[in-house]
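Source file: coords_22.cif. Holds: mmCIF, N, CA, C and O atoms.
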```cif
data_coords
loop_
_atom_site.group_PDB
_atom_site.id
_atom_site.type_symbol
_atom_site.label_atom_id
_atom_site.label_comp_id
_atom_site.auth_asym_id
_atom_site.auth_seq_id
_atom_site.Cartn_x
_atom_site.Cartn_y
_atom_site.Cartn_z
ATOM 1 N N MET T 829 -4.494 -4.362 -20.608
ATOM 2 C CA MET T 829 -3.868 -3.736 -19.459
ATOM 3 C C MET T 829 -2.397 -4.169 -19.388
ATOM 4 O O MET T 829 -2.083 -5.340 -19.488
ATOM 5 N N THR T 830 -1.505 -3.224 -19.228
ATOM 6 C CA THR T 830 -0.089 -3.552 -19.138
ATOM 7 C C THR T 830 0.297 -3.851 -17.702
ATOM 8 O O THR T 830 -0.301 -3.335 -16.759
ATOM 9 N N ARG T 831 1.303 -4.680 -17.576
ATOM 10 C CA ARG T 831 1.792 -5.067 -16.256
ATOM 11 C C ARG T 831 2.632 -3.933 -15.675
ATOM 12 O O ARG T 831 3.483 -3.363 -16.357
ATOM 13 N N MET T 832 2.376 -3.620 -14.423
ATOM 14 C CA MET T 832 3.108 -2.547 -13.763
ATOM 15 C C MET T 832 4.453 -3.063 -13.278
ATOM 16 O O MET T 832 4.572 -4.209 -12.862
ATOM 17 N N GLY T 833 5.461 -2.192 -13.337
ATOM 18 C CA GLY T 833 6.764 -2.524 -12.795
ATOM 19 C C GLY T 833 6.795 -2.251 -11.298
ATOM 20 O O GLY T 833 5.870 -1.658 -10.738
ATOM 21 N N VAL T 834 7.866 -2.663 -10.668
ATOM 22 C CA VAL T 834 8.003 -2.498 -9.220
ATOM 23 C C VAL T 834 7.899 -1.023 -8.831
ATOM 24 O O VAL T 834 7.167 -0.664 -7.909
ATOM 25 N N GLY T 835 8.612 -0.159 -9.545
ATOM 26 C CA GLY T 835 8.576 1.266 -9.230
ATOM 27 C C GLY T 835 7.181 1.850 -9.347
ATOM 28 O O GLY T 835 6.761 2.667 -8.522
ATOM 29 N N GLU T 836 6.454 1.428 -10.374
ATOM 30 C CA GLU T 836 5.081 1.904 -10.565
ATOM 31 C C GLU T 836 4.165 1.417 -9.449
ATOM 32 O O GLU T 836 3.299 2.163 -8.986
ATOM 33 N N LEU T 837 4.357 0.174 -9.025
ATOM 34 C CA LEU T 837 3.557 -0.352 -7.916
ATOM 35 C C LEU T 837 3.817 0.436 -6.634
ATOM 36 O O LEU T 837 2.885 0.768 -5.899
ATOM 37 N N ILE T 838 5.080 0.755 -6.390
ATOM 38 C CA ILE T 838 5.435 1.523 -5.194
ATOM 39 C C ILE T 838 4.795 2.903 -5.263
ATOM 40 O O ILE T 838 4.185 3.371 -4.297
ATOM 41 N N THR T 839 4.911 3.556 -6.410
ATOM 42 C CA THR T 839 4.323 4.886 -6.594
ATOM 43 C C THR T 839 2.813 4.856 -6.386
ATOM 44 O O THR T 839 2.242 5.790 -5.815
ATOM 45 N N ALA T 840 2.180 3.768 -6.805
ATOM 46 C CA ALA T 840 0.725 3.625 -6.656
ATOM 47 C C ALA T 840 0.327 3.216 -5.245
ATOM 48 O O ALA T 840 -0.866 3.076 -4.951
ATOM 49 N N GLY T 841 1.308 3.007 -4.371
ATOM 50 C CA GLY T 841 1.004 2.622 -2.996
ATOM 51 C C GLY T 841 0.724 1.145 -2.813
ATOM 52 O O GLY T 841 0.294 0.717 -1.744
ATOM 53 N N ARG T 842 0.992 0.362 -3.829
ATOM 54 C CA ARG T 842 0.745 -1.086 -3.767
ATOM 55 C C ARG T 842 2.023 -1.791 -3.319
ATOM 56 O O ARG T 842 2.629 -2.550 -4.050
ATOM 57 N N LEU T 843 2.422 -1.498 -2.089
ATOM 58 C CA LEU T 843 3.704 -1.959 -1.581
ATOM 59 C C LEU T 843 3.783 -3.471 -1.450
ATOM 60 O O LEU T 843 4.810 -4.072 -1.747
ATOM 61 N N GLU T 844 2.711 -4.088 -1.001
ATOM 62 C CA GLU T 844 2.728 -5.546 -0.862
ATOM 63 C C GLU T 844 2.855 -6.229 -2.222
ATOM 64 O O GLU T 844 3.529 -7.253 -2.343
ATOM 65 N N ASP T 845 2.216 -5.660 -3.243
ATOM 66 C CA ASP T 845 2.337 -6.221 -4.595
ATOM 67 C C ASP T 845 3.769 -6.077 -5.104
ATOM 68 O O ASP T 845 4.307 -6.992 -5.740
ATOM 69 N N ALA T 846 4.388 -4.929 -4.830
ATOM 70 C CA ALA T 846 5.781 -4.721 -5.228
ATOM 71 C C ALA T 846 6.693 -5.711 -4.516
ATOM 72 O O ALA T 846 7.612 -6.279 -5.116
ATOM 73 N N GLU T 847 6.431 -5.941 -3.241
ATOM 74 C CA GLU T 847 7.233 -6.893 -2.473
ATOM 75 C C GLU T 847 7.083 -8.306 -3.038
ATOM 76 O O GLU T 847 8.075 -9.029 -3.206
ATOM 77 N N THR T 848 5.880 -8.677 -3.382
ATOM 78 C CA THR T 848 5.632 -9.999 -3.978
ATOM 79 C C THR T 848 6.387 -10.139 -5.299
ATOM 80 O O THR T 848 6.992 -11.182 -5.571
ATOM 81 N N MET T 849 6.374 -9.087 -6.095
ATOM 82 C CA MET T 849 7.076 -9.129 -7.380
ATOM 83 C C MET T 849 8.580 -9.296 -7.155
ATOM 84 O O MET T 849 9.231 -10.094 -7.839
ATOM 85 N N LEU T 850 9.124 -8.575 -6.188
ATOM 86 C CA LEU T 850 10.560 -8.694 -5.909
ATOM 87 C C LEU T 850 10.906 -10.084 -5.371
ATOM 88 O O LEU T 850 11.969 -10.616 -5.671
ATOM 89 N N ARG T 851 10.024 -10.668 -4.589
ATOM 90 C CA ARG T 851 10.278 -12.018 -4.066
ATOM 91 C C ARG T 851 10.339 -13.066 -5.171
ATOM 92 O O ARG T 851 10.981 -14.102 -5.016
ATOM 93 N N SER T 852 9.690 -12.792 -6.282
ATOM 94 C CA SER T 852 9.661 -13.769 -7.377
ATOM 95 C C SER T 852 10.915 -13.719 -8.247
ATOM 96 O O SER T 852 11.087 -14.565 -9.122
ATOM 97 N N VAL T 853 11.786 -12.759 -8.001
ATOM 98 C CA VAL T 853 12.997 -12.605 -8.814
ATOM 99 C C VAL T 853 14.044 -13.639 -8.400
ATOM 100 O O VAL T 853 14.329 -13.811 -7.218
ATOM 101 N N ASN T 854 14.616 -14.307 -9.377
ATOM 102 C CA ASN T 854 15.724 -15.230 -9.140
ATOM 103 C C ASN T 854 17.014 -14.413 -9.178
ATOM 104 O O ASN T 854 17.576 -14.167 -10.249
ATOM 105 N N ARG T 855 17.478 -13.998 -8.020
ATOM 106 C CA ARG T 855 18.651 -13.118 -7.957
ATOM 107 C C ARG T 855 19.898 -13.781 -8.505
ATOM 108 O O ARG T 855 20.766 -13.113 -9.049
ATOM 109 N N ALA T 856 20.009 -15.066 -8.370
ATOM 110 C CA ALA T 856 21.197 -15.774 -8.851
ATOM 111 C C ALA T 856 21.345 -15.649 -10.360
ATOM 112 O O ALA T 856 22.451 -15.719 -10.889
ATOM 113 N N GLY T 857 20.249 -15.441 -11.068
ATOM 114 C CA GLY T 857 20.290 -15.341 -12.520
ATOM 115 C C GLY T 857 20.482 -13.927 -13.047
ATOM 116 O O GLY T 857 20.462 -13.713 -14.253
ATOM 117 N N LEU T 858 20.674 -12.959 -12.164
ATOM 118 C CA LEU T 858 20.792 -11.569 -12.592
ATOM 119 C C LEU T 858 22.234 -11.189 -12.897
ATOM 120 O O LEU T 858 23.144 -11.568 -12.166
ATOM 121 N N ASP T 859 22.416 -10.415 -13.967
ATOM 122 C CA ASP T 859 23.744 -9.865 -14.221
ATOM 123 C C ASP T 859 23.946 -8.660 -13.295
ATOM 124 O O ASP T 859 23.043 -8.273 -12.556
ATOM 125 N N GLU T 860 25.117 -8.071 -13.350
ATOM 126 C CA GLU T 860 25.471 -7.006 -12.406
ATOM 127 C C GLU T 860 24.513 -5.817 -12.479
ATOM 128 O O GLU T 860 24.089 -5.285 -11.453
ATOM 129 N N MET T 861 24.143 -5.390 -13.674
ATOM 130 C CA MET T 861 23.246 -4.237 -13.821
ATOM 131 C C MET T 861 21.840 -4.551 -13.327
ATOM 132 O O MET T 861 21.204 -3.725 -12.675
ATOM 133 N N LYS T 862 21.357 -5.750 -13.624
ATOM 134 C CA LYS T 862 20.020 -6.122 -13.155
ATOM 135 C C LYS T 862 20.001 -6.305 -11.649
ATOM 136 O O LYS T 862 19.004 -5.984 -10.993
ATOM 137 N N LEU T 863 21.091 -6.797 -11.085
ATOM 138 C CA LEU T 863 21.179 -6.927 -9.631
ATOM 139 C C LEU T 863 21.200 -5.547 -8.973
ATOM 140 O O LEU T 863 20.571 -5.340 -7.940
ATOM 141 N N LEU T 864 21.872 -4.597 -9.599
ATOM 142 C CA LEU T 864 21.878 -3.231 -9.099
ATOM 143 C C LEU T 864 20.469 -2.644 -9.132
ATOM 144 O O LEU T 864 20.028 -1.992 -8.179
ATOM 145 N N ASN T 865 19.741 -2.881 -10.208
ATOM 146 C CA ASN T 865 18.357 -2.414 -10.330
ATOM 147 C C ASN T 865 17.470 -3.066 -9.271
ATOM 148 O O ASN T 865 16.634 -2.404 -8.649
ATOM 149 N N TYR T 866 17.647 -4.363 -9.064
ATOM 150 C CA TYR T 866 16.897 -5.088 -8.024
ATOM 151 C C TYR T 866 17.151 -4.445 -6.654
ATOM 152 O O TYR T 866 16.221 -4.166 -5.904
ATOM 153 N N THR T 867 18.417 -4.184 -6.354
ATOM 154 C CA THR T 867 18.777 -3.594 -5.067
ATOM 155 C C THR T 867 18.162 -2.207 -4.919
ATOM 156 O O THR T 867 17.650 -1.857 -3.855
ATOM 157 N N HIS T 868 18.178 -1.435 -5.988
ATOM 158 C CA HIS T 868 17.543 -0.110 -5.974
ATOM 159 C C HIS T 868 16.060 -0.236 -5.657
ATOM 160 O O HIS T 868 15.508 0.531 -4.864
ATOM 161 N N ASN T 869 15.397 -1.192 -6.286
ATOM 162 C CA ASN T 869 13.970 -1.408 -6.035
ATOM 163 C C ASN T 869 13.704 -1.808 -4.586
ATOM 164 O O ASN T 869 12.723 -1.374 -3.990
ATOM 165 N N VAL T 870 14.580 -2.635 -4.019
ATOM 166 C CA VAL T 870 14.430 -3.043 -2.620
ATOM 167 C C VAL T 870 14.536 -1.827 -1.699
ATOM 168 O O VAL T 870 13.726 -1.650 -0.790
ATOM 169 N N VAL T 871 15.511 -0.971 -1.964
ATOM 170 C CA VAL T 871 15.691 0.230 -1.143
ATOM 171 C C VAL T 871 14.491 1.167 -1.301
ATOM 172 O O VAL T 871 13.985 1.710 -0.313
ATOM 173 N N GLU T 872 14.033 1.348 -2.530
ATOM 174 C CA GLU T 872 12.862 2.199 -2.773
ATOM 175 C C GLU T 872 11.636 1.665 -2.022
ATOM 176 O O GLU T 872 10.888 2.425 -1.408
ATOM 177 N N LEU T 873 11.452 0.356 -2.058
ATOM 178 C CA LEU T 873 10.338 -0.261 -1.350
ATOM 179 C C LEU T 873 10.482 -0.083 0.159
ATOM 180 O O LEU T 873 9.520 0.252 0.853
ATOM 181 N N ALA T 874 11.687 -0.273 0.660
ATOM 182 C CA ALA T 874 11.923 -0.107 2.097
ATOM 183 C C ALA T 874 11.626 1.320 2.538
ATOM 184 O O ALA T 874 11.028 1.535 3.607
ATOM 185 N N LEU T 875 12.022 2.300 1.739
ATOM 186 C CA LEU T 875 11.743 3.688 2.082
ATOM 187 C C LEU T 875 10.237 3.963 2.098
ATOM 188 O O LEU T 875 9.744 4.705 2.959
ATOM 189 N N ALA T 876 9.514 3.356 1.176
ATOM 190 C CA ALA T 876 8.057 3.522 1.156
ATOM 191 C C ALA T 876 7.425 2.878 2.389
ATOM 192 O O ALA T 876 6.516 3.453 3.010
ATOM 193 N N PHE T 877 7.909 1.693 2.758
ATOM 194 C CA PHE T 877 7.406 1.056 3.978
ATOM 195 C C PHE T 877 7.775 1.881 5.209
ATOM 196 O O PHE T 877 6.992 1.966 6.158
ATOM 197 N N LEU T 878 8.954 2.492 5.214
ATOM 198 C CA LEU T 878 9.378 3.334 6.331
ATOM 199 C C LEU T 878 8.391 4.482 6.528
ATOM 200 O O LEU T 878 7.954 4.738 7.654
ATOM 201 N N GLN T 879 8.020 5.133 5.455
ATOM 202 C CA GLN T 879 7.073 6.245 5.542
ATOM 203 C C GLN T 879 5.696 5.779 5.982
ATOM 204 O O GLN T 879 5.031 6.451 6.761
ATOM 205 N N ARG T 880 5.270 4.638 5.472
ATOM 206 C CA ARG T 880 3.899 4.194 5.754
ATOM 207 C C ARG T 880 3.776 3.421 7.059
ATOM 208 O O ARG T 880 2.834 3.628 7.818
ATOM 209 N N ASP T 881 4.733 2.520 7.320
ATOM 210 C CA ASP T 881 4.567 1.574 8.428
ATOM 211 C C ASP T 881 5.630 1.674 9.516
ATOM 212 O O ASP T 881 5.511 1.025 10.538
ATOM 213 N N GLY T 882 6.706 2.410 9.264
ATOM 214 C CA GLY T 882 7.725 2.575 10.288
ATOM 215 C C GLY T 882 8.992 1.777 10.032
ATOM 216 O O GLY T 882 9.097 0.987 9.082
ATOM 217 N N LEU T 883 9.943 1.994 10.914
ATOM 218 C CA LEU T 883 11.293 1.449 10.757
ATOM 219 C C LEU T 883 11.331 -0.079 10.767
ATOM 220 O O LEU T 883 12.026 -0.684 9.956
ATOM 221 N N ASP T 884 10.619 -0.706 11.681
ATOM 222 C CA ASP T 884 10.650 -2.175 11.767
ATOM 223 C C ASP T 884 10.246 -2.826 10.446
ATOM 224 O O ASP T 884 10.907 -3.753 9.977
ATOM 225 N N ARG T 885 9.181 -2.337 9.844
ATOM 226 C CA ARG T 885 8.695 -2.916 8.591
ATOM 227 C C ARG T 885 9.721 -2.691 7.479
ATOM 228 O O ARG T 885 9.974 -3.575 6.654
ATOM 229 N N ALA T 886 10.326 -1.513 7.453
ATOM 230 C CA ALA T 886 11.321 -1.208 6.422
ATOM 231 C C ALA T 886 12.536 -2.119 6.545
ATOM 232 O O ALA T 886 13.002 -2.695 5.554
ATOM 233 N N VAL T 887 13.049 -2.268 7.757
ATOM 234 C CA VAL T 887 14.227 -3.113 7.981
ATOM 235 C C VAL T 887 13.905 -4.572 7.663
ATOM 236 O O VAL T 887 14.689 -5.261 7.003
ATOM 237 N N ASN T 888 12.760 -5.039 8.101
ATOM 238 C CA ASN T 888 12.378 -6.429 7.828
ATOM 239 C C ASN T 888 12.231 -6.688 6.332
ATOM 240 O O ASN T 888 12.563 -7.779 5.852
ATOM 241 N N THR T 889 11.759 -5.706 5.600
ATOM 242 C CA THR T 889 11.636 -5.844 4.147
ATOM 243 C C THR T 889 12.999 -6.029 3.504
ATOM 244 O O THR T 889 13.207 -6.944 2.705
ATOM 245 N N VAL T 890 13.944 -5.173 3.869
ATOM 246 C CA VAL T 890 15.291 -5.285 3.305
ATOM 247 C C VAL T 890 15.908 -6.631 3.662
ATOM 248 O O VAL T 890 16.452 -7.330 2.800
ATOM 249 N N LEU T 891 15.814 -7.002 4.916
ATOM 250 C CA LEU T 891 16.422 -8.258 5.347
ATOM 251 C C LEU T 891 15.787 -9.466 4.667
ATOM 252 O O LEU T 891 16.487 -10.427 4.324
ATOM 253 N N SER T 892 14.503 -9.420 4.441
ATOM 254 C CA SER T 892 13.842 -10.577 3.819
ATOM 255 C C SER T 892 14.106 -10.662 2.315
ATOM 256 O O SER T 892 14.114 -11.752 1.758
ATOM 257 N N LEU T 893 14.344 -9.531 1.673
ATOM 258 C CA LEU T 893 14.590 -9.535 0.231
ATOM 259 C C LEU T 893 16.068 -9.670 -0.129
ATOM 260 O O LEU T 893 16.410 -10.050 -1.240
ATOM 261 N N ILE T 894 16.935 -9.346 0.799
ATOM 262 C CA ILE T 894 18.368 -9.507 0.591
ATOM 263 C C ILE T 894 18.889 -10.288 1.788
ATOM 264 O O ILE T 894 19.714 -9.828 2.558
ATOM 265 N N ASP T 895 18.376 -11.496 1.928
ATOM 266 C CA ASP T 895 18.633 -12.287 3.131
ATOM 267 C C ASP T 895 19.824 -13.229 3.015
ATOM 268 O O ASP T 895 20.408 -13.605 4.005
ATOM 269 N N ALA T 896 20.194 -13.598 1.809
ATOM 270 C CA ALA T 896 21.256 -14.599 1.652
ATOM 271 C C ALA T 896 22.231 -14.133 0.575
ATOM 272 O O ALA T 896 22.225 -14.639 -0.540
ATOM 273 N N PRO T 897 23.092 -13.179 0.889
ATOM 274 C CA PRO T 897 23.993 -12.662 -0.140
ATOM 275 C C PRO T 897 24.898 -13.737 -0.747
ATOM 276 O O PRO T 897 25.319 -13.606 -1.872
ATOM 277 N N ASP T 898 25.176 -14.813 -0.026
ATOM 278 C CA ASP T 898 26.012 -15.883 -0.566
ATOM 279 C C ASP T 898 25.356 -16.584 -1.741
ATOM 280 O O ASP T 898 26.019 -17.172 -2.576
ATOM 281 N N ASP T 899 24.011 -16.516 -1.815
ATOM 282 C CA ASP T 899 23.289 -17.157 -2.908
ATOM 283 C C ASP T 899 23.431 -16.398 -4.213
ATOM 284 O O ASP T 899 23.085 -16.897 -5.265
ATOM 285 N N ILE T 900 23.912 -15.167 -4.143
ATOM 286 C CA ILE T 900 23.944 -14.302 -5.316
ATOM 287 C C ILE T 900 25.240 -14.439 -6.107
ATOM 288 O O ILE T 900 25.266 -14.210 -7.297
ATOM 289 N N SER T 901 26.310 -14.827 -5.469
ATOM 290 C CA SER T 901 27.637 -14.849 -6.105
ATOM 291 C C SER T 901 27.642 -15.432 -7.454
ATOM 292 O O SER T 901 27.463 -15.163 -8.472
#
```

Just give me the structure as structure tokens.
Amino acid sequence: MTRMGVGELITAGRLEDAETMLRSVNRAGLDEMKLLNYTHNVVELALAFLQRDGLDRAVNTVLSLIDAPDDIS
């Protein structure tokens, strides 16, 4: 069995699994393109939470996954 990526997890409706995967990413170690991809995944996940659970859950997801921008520099 192959490991699913974040986008695949979101498409499959496994939003909590996608969130867990994103939480495990060391953002400080990402180059610019990988950080852009990470941010895209966060937005995609937030939009999925918005549709399923509402605005509060979507906003909290973004804030919790991109909570300390100073750590990324």

* Asked: Near range 841-858 of chain T, counting only C-alpha atoms, which residues have an atom at most 9 Å away, once you skip same-chain residues fewer than 6 positions from it, shown as a list of chain:residue names?
  ->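 Those residues are T:Gly833, T:Val834, T:Gly835, T:Tyr866, T:Asn869, T:Val870, T:Leu873, T:Ala876, T:Phe877, T:Thr889, T:Ser892, T:Leu893, T:Asp899, T:Ile900, T:Ser901.
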
Just write the chosen residues, N, CA, C and O atoms, as a compact mmCIF listing (two decimals), keeping the file's coordinate frame.
```txt
# COMPACT_ATOMS: atom_id res chain seq x y z
N GLY T 833 5.46 -2.19 -13.34
CA GLY T 833 6.76 -2.52 -12.80
C GLY T 833 6.80 -2.25 -11.30
O GLY T 833 5.87 -1.66 -10.74
N VAL T 834 7.87 -2.66 -10.67
CA VAL T 834 8.00 -2.50 -9.22
C VAL T 834 7.90 -1.02 -8.83
O VAL T 834 7.17 -0.66 -7.91
N GLY T 835 8.61 -0.16 -9.54
CA GLY T 835 8.58 1.27 -9.23
C GLY T 835 7.18 1.85 -9.35
O GLY T 835 6.76 2.67 -8.52
N TYR T 866 17.65 -4.36 -9.06
CA TYR T 866 16.90 -5.09 -8.02
C TYR T 866 17.15 -4.44 -6.65
O TYR T 866 16.22 -4.17 -5.90
N ASN T 869 15.40 -1.19 -6.29
CA ASN T 869 13.97 -1.41 -6.04
C ASN T 869 13.70 -1.81 -4.59
O ASN T 869 12.72 -1.37 -3.99
N VAL T 870 14.58 -2.64 -4.02
CA VAL T 870 14.43 -3.04 -2.62
C VAL T 870 14.54 -1.83 -1.70
O VAL T 870 13.73 -1.65 -0.79
N LEU T 873 11.45 0.36 -2.06
CA LEU T 873 10.34 -0.26 -1.35
C LEU T 873 10.48 -0.08 0.16
O LEU T 873 9.52 0.25 0.85
N ALA T 876 9.51 3.36 1.18
CA ALA T 876 8.06 3.52 1.16
C ALA T 876 7.42 2.88 2.39
O ALA T 876 6.52 3.45 3.01
N PHE T 877 7.91 1.69 2.76
CA PHE T 877 7.41 1.06 3.98
C PHE T 877 7.78 1.88 5.21
O PHE T 877 6.99 1.97 6.16
N THR T 889 11.76 -5.71 5.60
CA THR T 889 11.64 -5.84 4.15
C THR T 889 13.00 -6.03 3.50
O THR T 889 13.21 -6.94 2.70
N SER T 892 14.50 -9.42 4.44
CA SER T 892 13.84 -10.58 3.82
C SER T 892 14.11 -10.66 2.32
O SER T 892 14.11 -11.75 1.76
N LEU T 893 14.34 -9.53 1.67
CA LEU T 893 14.59 -9.54 0.23
C LEU T 893 16.07 -9.67 -0.13
O LEU T 893 16.41 -10.05 -1.24
N ASP T 899 24.01 -16.52 -1.82
CA ASP T 899 23.29 -17.16 -2.91
C ASP T 899 23.43 -16.40 -4.21
O ASP T 899 23.08 -16.90 -5.26
N ILE T 900 23.91 -15.17 -4.14
CA ILE T 900 23.94 -14.30 -5.32
C ILE T 900 25.24 -14.44 -6.11
O ILE T 900 25.27 -14.21 -7.30
N SER T 901 26.31 -14.83 -5.47
CA SER T 901 27.64 -14.85 -6.10
C SER T 901 27.64 -15.43 -7.45
O SER T 901 27.46 -15.16 -8.47
```

Centre and edges of the range 855-865 of chain T box, axis-aligned, 8 Å extra per side, as JSON:
```
{"center_x": 21.1, "center_y": -8.9, "center_z": -11.1, "size_x": 24.8, "size_y": 29.8, "size_z": 22.3}
```

* Identify all residues of chain T in alpha helix (DSSP H) (DSSP on the backbone) and supply them as JSON, numbers by chain. => {"T": [834, 835, 836, 837, 838, 839, 843, 844, 845, 846, 847, 848, 849, 850, 851, 860, 861, 862, 863, 864, 865, 866, 867, 868, 869, 870, 871, 872, 873, 874, 875, 876, 877, 878, 879, 880, 881, 883, 884, 885, 886, 887, 888, 889, 890, 891, 892, 893]}

* Asked: Which one of T:His868, T:Met832, T:Glu860, T:Ile838 sits closest to Arg880 in chain T if you count only C-alpha atoms?
  -> T:Ile838

* To do: Figure out the distance between atom O of Ile894 in chain T and atom N of Gly882 in chain T, please, to one decimal in Å.
  =>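 Rounded to one decimal, the two atoms are 19.1 Å apart.
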
* To do: Mind giving me the straight-line distance from atom C of Thr839 in chain T to atom O of Glu872 in chain T in Å, one decimal?
  =>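 That distance, rounded to one decimal, is 9.8 Å.
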